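Reproduced below: final.txt, with compact mmCIF, C-alpha atoms and all ligand atoms.
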```
# COMPACT_ATOMS: atom_id res chain seq x y z
CA MET A 1 77.83 111.07 139.26
CA THR A 2 76.24 108.10 140.89
CA ALA A 3 76.30 104.64 139.40
CA SER A 4 72.94 103.20 138.49
CA THR A 5 71.57 100.64 140.88
CA PRO A 6 70.49 97.34 139.38
CA SER A 7 66.84 96.52 139.98
CA ALA A 8 66.06 93.91 142.59
CA SER A 9 64.86 91.37 140.02
CA HIS A 10 68.32 91.21 138.45
CA LYS A 11 70.78 88.70 139.74
CA GLU A 12 73.91 90.36 138.36
CA VAL A 13 77.15 89.65 140.07
CA ALA A 14 79.23 92.74 140.42
CA LEU A 15 82.80 92.04 139.42
CA GLY A 16 84.09 94.46 141.96
CA HIS A 17 85.62 97.10 139.76
CA ALA A 18 84.28 100.45 138.82
CA TYR A 19 85.54 103.17 136.55
CA ASP A 20 84.15 106.68 136.50
CA GLY A 21 81.27 105.41 138.58
CA ILE A 22 80.43 102.64 136.13
CA ARG A 23 80.41 99.22 137.73
CA GLU A 24 80.94 96.05 135.76
CA TYR A 25 78.51 93.16 136.13
CA ASP A 26 78.95 89.61 134.95
CA ASN A 27 75.87 89.44 132.73
CA PRO A 28 75.51 86.61 130.21
CA LEU A 29 75.33 87.64 126.54
CA PRO A 30 71.75 87.66 125.30
CA GLY A 31 70.62 84.47 123.54
CA TRP A 32 69.89 86.20 120.23
CA TRP A 33 73.43 87.58 120.17
CA LYS A 34 74.98 84.15 120.73
CA TRP A 35 72.85 82.58 118.02
CA LEU A 36 73.73 85.36 115.61
CA PHE A 37 77.41 84.73 116.34
CA ILE A 38 77.05 80.97 115.88
CA GLY A 39 75.12 81.67 112.68
CA THR A 40 78.01 83.70 111.25
CA LEU A 41 80.40 80.88 112.12
CA VAL A 42 78.20 78.35 110.34
CA ILE A 43 77.79 80.50 107.23
CA SER A 44 81.37 81.76 106.92
CA PRO A 45 83.01 78.65 105.30
CA ALA A 46 80.32 78.57 102.62
CA TYR A 47 80.66 82.33 102.14
CA LEU A 48 84.42 82.05 101.84
CA MET A 49 84.18 79.19 99.35
CA TYR A 50 81.60 80.96 97.24
CA PHE A 51 83.21 84.37 97.03
CA HIS A 52 86.92 83.70 97.29
CA VAL A 53 87.77 80.12 96.39
CA GLY A 54 85.27 79.04 93.74
CA ALA A 55 84.90 80.69 90.35
CA ASP A 56 86.54 84.01 89.50
CA GLY A 57 84.57 87.19 89.42
CA ARG A 58 82.32 86.71 92.43
CA SER A 59 83.94 88.91 95.05
CA ILE A 60 82.72 92.48 95.34
CA GLU A 61 86.15 93.69 94.29
CA GLU A 62 86.19 91.55 91.16
CA GLN A 63 82.66 92.60 90.27
CA TYR A 64 83.65 96.20 90.74
CA LEU A 65 86.75 95.80 88.55
CA ALA A 66 84.67 94.07 85.87
CA ALA A 67 82.16 96.93 85.94
CA LEU A 68 84.98 99.46 85.76
CA ASP A 69 86.50 97.58 82.85
CA ALA A 70 83.19 97.51 80.97
CA ASN A 71 82.78 101.22 81.57
CA THR A 72 86.31 101.92 80.32
CA LYS A 73 85.66 99.93 77.14
CA LYS A 74 82.56 102.03 76.55
CA LYS A 75 84.56 105.21 77.00
CA TYR A 76 87.35 103.89 74.74
CA ALA A 77 84.74 103.42 72.04
CA GLN A 78 84.12 107.18 72.19
CA ILE A 79 87.77 108.21 71.82
CA GLY A 80 88.80 105.51 69.32
CA ASP A 81 92.34 104.12 69.05
CA LEU A 82 94.84 106.71 70.25
CA THR A 83 98.29 107.25 68.76
CA PRO A 84 101.14 106.91 71.26
CA ASP A 85 102.77 110.24 70.33
CA ALA A 86 104.03 112.97 72.66
CA LYS A 87 101.06 115.24 72.00
CA THR A 88 98.53 112.56 72.97
CA LEU A 89 100.48 111.54 76.07
CA VAL A 90 100.77 115.10 77.35
CA GLU A 91 97.10 115.69 76.55
CA TYR A 92 95.98 112.61 78.52
CA MET A 93 98.32 113.49 81.40
CA GLY A 94 96.02 116.44 81.96
CA LYS A 95 92.74 114.52 81.92
CA GLU A 96 91.78 113.55 85.44
CA GLU A 97 89.23 110.87 84.55
CA TRP A 98 91.63 109.14 82.15
CA LEU A 99 94.46 109.32 84.67
CA GLU A 100 92.17 107.29 86.93
CA VAL A 101 92.03 104.62 84.22
CA GLY A 102 95.83 104.67 83.94
CA LYS A 103 96.10 104.47 87.70
CA SER A 104 93.87 101.38 87.88
CA ILE A 105 96.05 99.64 85.25
CA TYR A 106 99.11 100.65 87.23
CA LYS A 107 97.59 99.32 90.46
CA VAL A 108 96.98 95.91 88.93
CA ASN A 109 100.30 95.45 87.10
CA CYS A 110 103.04 97.71 88.38
CA VAL A 111 102.70 98.23 92.14
CA SER A 112 104.67 95.10 93.08
CA CYS A 113 107.87 96.52 91.59
CA HIS A 114 107.35 100.28 91.50
CA GLY A 115 105.32 100.80 94.69
CA SER A 116 101.73 101.94 95.12
CA ASP A 117 102.70 105.60 94.79
CA GLY A 118 105.56 105.09 92.30
CA GLY A 119 108.29 105.48 94.91
CA GLY A 120 110.09 102.38 93.63
CA VAL A 121 110.67 98.91 95.12
CA ILE A 122 112.51 96.47 92.82
CA GLY A 123 111.94 98.86 89.95
CA PRO A 124 113.12 102.46 89.99
CA ASN A 125 111.39 105.48 91.52
CA LEU A 126 109.02 106.92 88.89
CA CYS A 127 108.41 110.18 90.74
CA ASP A 128 111.83 111.83 90.67
CA GLU A 129 113.62 113.70 87.89
CA ASN A 130 116.01 110.84 87.07
CA TYR A 131 115.33 108.13 84.51
CA LYS A 132 117.41 105.25 83.17
CA HIS A 133 115.70 104.49 79.89
CA ILE A 134 113.67 107.61 79.29
CA LYS A 135 114.63 110.85 77.60
CA GLN A 136 111.22 111.93 76.32
CA ILE A 137 107.66 111.08 77.14
CA THR A 138 107.21 108.59 74.26
CA ASP A 139 110.04 106.46 75.66
CA ILE A 140 107.69 105.51 78.50
CA VAL A 141 105.39 103.76 76.02
CA LYS A 142 108.37 101.98 74.46
CA VAL A 143 109.76 100.79 77.81
CA ILE A 144 106.34 99.56 78.95
CA ASN A 145 105.60 97.81 75.65
CA GLU A 146 108.98 96.18 75.15
CA GLY A 147 110.39 95.91 78.67
CA VAL A 148 114.05 96.55 79.55
CA ALA A 149 116.96 94.99 81.39
CA GLY A 150 116.40 91.52 79.97
CA GLY A 151 112.89 91.26 81.40
CA ALA A 152 113.64 92.64 84.88
CA MET A 153 111.16 95.23 83.65
CA PRO A 154 108.76 92.93 81.77
CA ALA A 155 107.34 93.71 78.31
CA TRP A 156 103.67 94.56 78.69
CA ALA A 157 102.52 94.78 75.04
CA THR A 158 101.33 91.18 75.07
CA ARG A 159 100.03 91.20 78.65
CA ILE A 160 98.10 94.45 78.49
CA GLY A 161 96.36 93.73 75.21
CA ASN A 162 94.68 97.08 74.68
CA LYS A 163 96.88 99.81 73.12
CA ASN A 164 94.83 102.54 74.78
CA ASP A 165 95.52 100.89 78.15
CA ILE A 166 99.25 101.23 77.46
CA ILE A 167 98.79 104.91 76.62
CA MET A 168 96.71 105.54 79.77
CA VAL A 169 99.23 103.84 82.05
CA SER A 170 102.08 105.71 80.30
CA ALA A 171 100.33 109.05 80.83
CA TYR A 172 99.77 108.08 84.46
CA VAL A 173 103.47 107.20 84.90
CA ALA A 174 104.41 110.55 83.32
CA SER A 175 102.06 112.29 85.75
CA LEU A 176 103.81 110.69 88.73
CA ARG A 177 106.90 112.76 88.00
CA GLY A 178 107.24 115.48 90.63
CA SER A 179 104.90 113.77 93.12
CA LYS A 180 106.12 112.92 96.60
CA PRO A 181 106.01 109.17 97.34
CA ALA A 182 106.03 108.00 100.96
CA LYS A 183 109.27 106.01 100.68
CA PRO A 184 111.18 107.22 97.64
CA LYS A 185 113.96 105.02 96.33
CA GLY A 186 117.16 106.88 95.53
CA PRO A 187 117.64 108.25 92.01
CA ASP A 188 118.58 105.93 89.12
CA GLY A 189 119.91 107.16 85.80
CA SER A 190 120.17 110.85 85.01
CA PRO A 191 117.93 113.93 85.15
CA ILE A 192 115.98 114.64 81.98
CA ALA A 193 114.23 117.66 80.46
CA PRO A 194 110.58 118.33 81.38
CA TRP A 195 107.97 116.42 79.32
CA SER A 196 107.33 118.06 76.01
CA ALA A 197 104.37 117.58 73.67
CA ASP A 198 106.59 117.88 70.56
C1 LIG B 201 108.80 92.50 87.93
C2 LIG B 201 109.01 93.87 88.35
C3 LIG B 201 108.41 94.97 87.51
C4 LIG B 201 107.12 95.18 87.16
C5 LIG B 201 105.92 94.32 87.50
C6 LIG B 201 107.09 96.43 86.44
N1 LIG B 201 108.33 96.96 86.36
FE1 LIG B 201 108.83 98.69 85.47
N2 LIG B 201 110.79 98.35 85.87
C7 LIG B 201 111.28 97.28 86.59
C8 LIG B 201 112.72 97.39 86.68
C9 LIG B 201 113.65 96.42 87.43
C10 LIG B 201 113.08 98.54 85.96
C11 LIG B 201 114.51 99.10 85.75
C12 LIG B 201 115.26 98.31 84.75
C13 LIG B 201 116.70 98.72 84.74
O1 LIG B 201 117.28 98.85 85.82
O2 LIG B 201 117.24 98.92 83.66
C14 LIG B 201 111.84 99.12 85.46
C15 LIG B 201 111.78 100.27 84.70
C16 LIG B 201 110.60 100.91 84.36
C17 LIG B 201 110.53 102.19 83.70
C18 LIG B 201 111.72 103.01 83.25
C19 LIG B 201 112.23 103.82 84.40
C20 LIG B 201 113.53 104.54 84.07
O3 LIG B 201 114.09 105.10 85.00
O4 LIG B 201 113.92 104.55 82.92
C21 LIG B 201 109.21 102.50 83.57
C22 LIG B 201 108.63 103.74 82.96
C23 LIG B 201 108.46 101.40 84.13
N3 LIG B 201 109.34 100.45 84.60
C24 LIG B 201 107.09 101.35 84.18
C25 LIG B 201 106.38 100.22 84.57
C26 LIG B 201 104.96 100.09 84.44
C27 LIG B 201 104.02 101.15 83.90
C28 LIG B 201 104.63 98.85 84.90
C29 LIG B 201 103.28 98.18 84.91
C30 LIG B 201 102.59 98.09 83.66
C31 LIG B 201 105.86 98.22 85.35
N4 LIG B 201 106.89 99.08 85.12
C32 LIG B 201 105.93 96.98 85.93
C33 LIG B 201 110.53 96.29 87.17
C34 LIG B 201 109.18 96.11 86.99
```
Written as C-alpha cells, how would this file's structure read?
Amino acid sequence: MTASTPSASHKEVALGHAYDGIREYDNPLPGWWKWLFIGTLVISPAYLMYFHVGADGRSIEEQYLAALDANTKKKYAQIGDLTPDAKTLVEYMGKEEWLEVGKSIYKVNCVSCHGSDGGGVIGPNLCDENYKHIKQITDIVKVINEGVAGGAMPAWATRIGNKNDIIMVSAYVASLRGSKPAKPKGPDGSPIAPWSAD
C-alpha cells in the first residue's frame, strides 16, 4: 500500500507520523464545519431552556410518555374497571401488552427502591421465591395500595390514582418472580407457594 501524495496546490504540513501508510496532515477544519459547531453552541442554551428547564411536557421523553398514557387510557376504556382478584391478576400476568403497561408504571415509581429489573435496592428483591408481606398474589395489590413498614414501602393508592394501574403494576411485579436480575439482593422473608388464580 502506498500513501496518497498530496497535490502540489495543497500546502498541508505533514505532522511526521504515519500509520498503515496513512500520513497525518495538519489541515484546518473547513469553514462550514466550524460555523456549524459555533451554531450548535449558540443554539444549545435556548434548546436546553426550552426542552428541559421551562414548562413540563416538552422533552421528547415527556411527549412520548404523555402519548403512551393517552393510549393506555384508551385501552383501559375497552377493558373497563378491573377487579383486583387472583383470577384477574394471573390473567393479566399472561398478557404481554398489559405487562408493558405495568412495567412502565414500575419504571416511573418503583425502580429507585426495587431496581430496574426488580433485583432489589432499598426494597426487597421481587424476583426470588421469598416474600415478607406476601402469601398470595392479591397481597401484592394490598402492599402496593397501603404500603408497609411504616411507609418505608410507601402507600401508592393515592399516588397512582387509577385502580387499573395498580392492577397492571401488581401483575408485572408478580411476573418478575423467577426472573434473573443482574444484581439480586439476598432473600427476605420466607418462600411462598406458586401464584394461584383461586
Ligand atoms: C422508597 C422506597 C420504595 C419505593 C419507591 C417502592 N418500594 Fe416497595 N418496598 C420498599 C421496602 C423498604 C419494602 C420492604 C418493607 C419491609 O421490609 O417490610 C418494600 C416492599 C415491597 C413489596 C413486598 C415485598 C415482600 O417481600 O413482601 C412489594 C410487592 C413492593 N414493595 C412493590 C413495590 C412497587 C410495585 C412499587 C412502585 C409502585 C414500590 N414497591 C415502590 C420500598 C419501596
Return the single residue from A:Asp198, A:Glu61, A:Glu24, A:Asp117 that is closest to ligand LIG 201 (chain B), with distances computed using all atoms listed in the file.
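Among A:Asp198, A:Glu61, A:Glu24, A:Asp117, it is A:Asp117 that comes nearest to ligand LIG 201 (chain B).
Taking atom CA of Tyr64 of chain A and atom CA of Ile160 of chain A as endpoints, the distance between them is 19.0 Å.
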Given 9 Å and only C-alpha atoms and all ligand atoms, residues near ligand LIG 201 (chain B) as JSON, numbers by chain:
{"A": [102, 105, 106, 107, 108, 109, 110, 111, 112, 113, 114, 120, 121, 122, 123, 124, 125, 126, 130, 131, 132, 133, 134, 135, 139, 140, 141, 142, 143, 144, 145, 147, 148, 149, 150, 151, 152, 153, 154, 155, 156, 159, 160, 166, 169, 170, 172, 173, 174, 187, 188, 189, 190]}
Could you check which of A:Gly57, A:Ile38, A:Ile137, A:Ala66 is closest to Val90 of chain A, using all atoms listed in the file?
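Going through A:Gly57, A:Ile38, A:Ile137, A:Ala66 one by one, the smallest distance to Val90 of chain A is for A:Ile137.
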Give as a VMD selection string the set of residues within 10 Å of the point (90.0, 109.1, 76.3), where distances use the file's coordinates and all atoms listed in the file.
chain A and resid 72 75 to 82 88 91 to 92 95 97 to 99 101 164 167 to 168
Counting all atoms listed in the file, the residue of A:Asn71, A:Thr83, A:Thr40, A:Gln136 that sits nearest Ala193 of chain A:
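Comparing A:Asn71, A:Thr83, A:Thr40, A:Gln136 against Ala193 of chain A, the winner is A:Gln136.
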Enter the distance from atom CA of Thr138 of chain A to atom CA of Glu96 of chain A, in Å, rounded to one decimal.
19.7 Å
Between A:Gly118, A:Pro45, A:Leu29, A:Asn162, single out the one closest to Lys73 of chain A, counting all atoms listed in the file.
A:Asn162
For each of A:Glu129, A:Ile43, A:Lys34, A:Pro194, take the minimum atom-to-atom distance to Ser179 of chain A, counting only C-alpha atoms, then give the residue where this is smallest.
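Counting only C-alpha atoms, the residue closest to Ser179 of chain A is A:Glu129.
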Which one of A:Cys127, A:Ala46, A:Ala70, A:Leu36 sits closest to Pro181 of chain A if you count all atoms listed in the file?
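Residue with the minimum atom-to-atom distance to Pro181 of chain A: A:Cys127.
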Find the residues around Lys180 of chain A up to 10 Å (only C-alpha atoms counted), leave out those fewer than 2 positions away in its own chain, and share them as a PDB file with C-alpha atoms, keeping the file's coordinate frame.
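The resulting part09.pdb:
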```
ATOM      1  CA  ASP A 117     102.700 105.600  94.790  1.00  0.00           C
ATOM      2  CA  GLY A 118     105.560 105.090  92.300  1.00  0.00           C
ATOM      3  CA  GLY A 119     108.290 105.480  94.910  1.00  0.00           C
ATOM      4  CA  CYS A 127     108.410 110.180  90.740  1.00  0.00           C
ATOM      5  CA  ASP A 128     111.830 111.830  90.670  1.00  0.00           C
ATOM      6  CA  LEU A 176     103.810 110.690  88.730  1.00  0.00           C
ATOM      7  CA  ARG A 177     106.900 112.760  88.000  1.00  0.00           C
ATOM      8  CA  GLY A 178     107.240 115.480  90.630  1.00  0.00           C
ATOM      9  CA  ALA A 182     106.030 108.000 100.960  1.00  0.00           C
ATOM     10  CA  LYS A 183     109.270 106.010 100.680  1.00  0.00           C
ATOM     11  CA  PRO A 184     111.180 107.220  97.640  1.00  0.00           C
TER      12      PRO A 184
END
```
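Straight-line separation from atom CA of Ala67 of chain A to atom CA of Tyr50 of chain A: 19.6 Å.
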